[in-house]
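Student: What follows is a structure written as structure tokens; I'll ask about it next.
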Amino acid sequence: MPDSPAFDTPPPPPGPEEEHRFPCDTCGSDLRFDPDTYQLVCDHCGNTEAISGRRAHHPIAELDFRAAIARELPQAEMEETRVTNCPNCAAQVEFDDTKHATECPFCATPVVVDTGLNRHIKPRGVLPFALTETVARDAMTNWLGGLWFAPNGLQDYARKGRKMQGIYVPYWTYDANTQSDYSGERGTVYYVTQTMMVDGKRVQKQVPKVRWNHASGRVARFFDDVLVLASKSLPKRFTDALEPWDLSALEPYAPEYLAGFRAEAYAITLEDGYTEARHVMDAMIERDVRFDIGGDRQRIHNIQTRVSNVTFKHVLLPVWLAAYKYRGKTYRFVVNGRTGNVQGERPYSALKITFAVILGLLAAGIAGYFMALQK
């Protein structure tokens with residue numbers, strides 16, 4: 001059966017929220033952030049404007065985790081936006097005050113705005129796009145071209161140069177001081193000589209044994225910027241594979257960086273994000289404990305960790321997104337907006353796989369025939 005692909009062109013960005021619109025001083029058209037120049041540019045008249053508030057040499061300030069959980073953050077750290085859940089992929093889609101319906105940029109599903117407001121923590125930092133849409137599309141094209149057993153439509157998709165959508169994806173970062181008391185055992189490997197029968201002969205072999213001794217102690221570690229995805233709209237295996245992110249290049253949040261792009265609201269709560277961050281911390285602490293126990297092998301019986309001075313940031317990281325529809329199912333491709341690293345879902349062509357299997361069987365049959373003649 002022949003492949004019959006169709007294409008999803010990511011929808012154009014909806015009318016931006018008022019705070020994310022920056023009219024050109026020269027012609028009044030909307031400015032957009034240009035990753036090449038790190039400026040706002042006007043595609044209509046070519047005017048450029050600098051972005052105010054670029055990062056100084058001091059780091060972006062963290063927020064107190066306990067205060068946030070107790071809903072005691074300063075009012076200035078909160079904002080309200082009109083957000084609705086995409087019924088298909090669970091993306092948090094933002095609307096401006098004049099828009100009542102749009103398409104989800106992650107899966108092209110039509111969505112209608114909810115009536116209420118979503119109150120959430122403002123972003124503290126943003127990692128601006130460093131790659132233009134053209135560069136990201138070239139990276140995706142190269143990636144698509146290297147896929148085995150892909151439908152022919154994938155190569156057509158790449159050649160046609162369908163426009164990608166720039167999305168700022170929400171993340172949490174967590175900082176914490178930890179002190180961990182542990183108990184366990186240190187294993188020292190030694191060897192004993194044993195006589196055994198091998199092929200009817202007596203031989204001597206060195207057999208490893210382990211001598212275990214009690215071990216206990218304390219390890220301490222400061223965790224800086226443990227990164228947790230705060231979105232449900234993209235598969236986590238894709239976003240994890242887009243790492244590493246150069247968080248040292250974060251800029252203080254300024255809406256100018258969002259001009260011409262979309263920003264997704266977070267769907268993973270601060271508390272749930274911290275739970276995932278603790279899993280990351282605990283795995284690192286266990287590694288520290290094994291190193292502290294030393295020896296050739298380690299057994300860990302118990303780890304008691306005290307966590308203090310927990311802080312966090314809500315940050316936005318840049319992703320270029322494209323969608324491809326094959327036999328009614330949407331496949332998504334994502335490109336790291338800083339490094340060009342590509343990840344994505346991909347369909348398989350049943351026709352190509354069947355053809356390859358038939359060729360393999362024919363080749364095996366021919367090889368078997370000639371081998372039989374030589375006997």
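By order of appearance in the structure tokens: chains A, B, ..., then residues from 1 within every chain, and ligands from 1 in the order shown.
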At a cut-off of 7 Å, using only C-alpha atoms, what residues contact segment 165-176 of chain A? Leave out same-chain residues fewer than 4 positions from it and give the result as a ChimeraX atom specification.
Tutor: /A:10,222-231,261-266,273,307-322
Student: Do you know which residues are at most 8 Å from Cys24 of chain A counting only C-alpha atoms, after dropping those on the same chain fewer than 4 positions away, and could you put them as a ChimeraX atom specification?
Tutor: /A:28-31,42,47
Student: Fewer than 5 positions away in the same chain doesn't count, so skip those; otherwise give me all residues within 12 Å of Ala76 of chain A, counting only C-alpha atoms, as a list in words.
Tutor: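 Residues near the query, excluding close chain neighbours: Leu63, His120, Ile121, Lys122, Pro123 and Arg124 of chain A.
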Student: Deliver the residues from the most recent selection as a file, using N, CA and C atoms, as a compact mmCIF listing (two decimals), in the first residue's frame.
Tutor:
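Wrote it out as out24.txt, contents follow:
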```
# COMPACT_ATOMS: atom_id res chain seq x y z
N LEU A 63 13.94 32.65 44.00
CA LEU A 63 12.79 32.89 44.86
C LEU A 63 12.73 31.80 45.93
N HIS A 120 -0.44 32.67 37.92
CA HIS A 120 0.74 31.84 38.04
C HIS A 120 1.98 32.69 38.29
N ILE A 121 3.08 31.99 38.59
CA ILE A 121 4.34 32.65 38.90
C ILE A 121 4.98 33.16 37.61
N LYS A 122 5.42 34.38 37.62
CA LYS A 122 6.06 34.96 36.44
C LYS A 122 7.40 34.26 36.16
N PRO A 123 7.81 34.25 34.91
CA PRO A 123 9.17 33.79 34.61
C PRO A 123 10.20 34.75 35.21
N ARG A 124 11.29 34.18 35.72
CA ARG A 124 12.40 35.00 36.22
C ARG A 124 13.51 35.13 35.20
```
Student: If I take atom CA of His301 of chain A and atom CA of Val192 of chain A, how far is one from the other in Å, to one decimal?
Tutor: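 One can read the atom CA of His301 of chain A to atom CA of Val192 of chain A distance as 27.7 Å.
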Student: In terms of the shortest atom-to-atom distance over only C-alpha atoms, which of A:Thr26, A:Phe238, A:Phe65, A:Leu73 is closest to Glu49 of chain A?
Tutor: A:Thr26
Student: Residues of segment 254-328 of chain A classed as helix (DSSP H, G or I) by DSSP on the backbone are to be reported as a PyMOL selection string.
Tutor: chain A and resi 255-258+270-293
Student: Have a look at A:Thr239, A:Thr195, A:Gln298, A:Asn142 and name the one nearest to Arg211 of chain A; count only C-alpha atoms.
Tutor: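 Using only C-alpha atoms, Arg211 of chain A sits closest to A:Gln298.
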Student: Can you work out which one of A:Ala259, A:Ala254, A:Ala220, A:Ala323 has the shortest atom-to-atom distance to Asp288 of chain A, counting only C-alpha atoms?
Tutor: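 Checking each of A:Ala259, A:Ala254, A:Ala220, A:Ala323 against Asp288 of chain A, counting only C-alpha atoms, the winner is A:Ala220.
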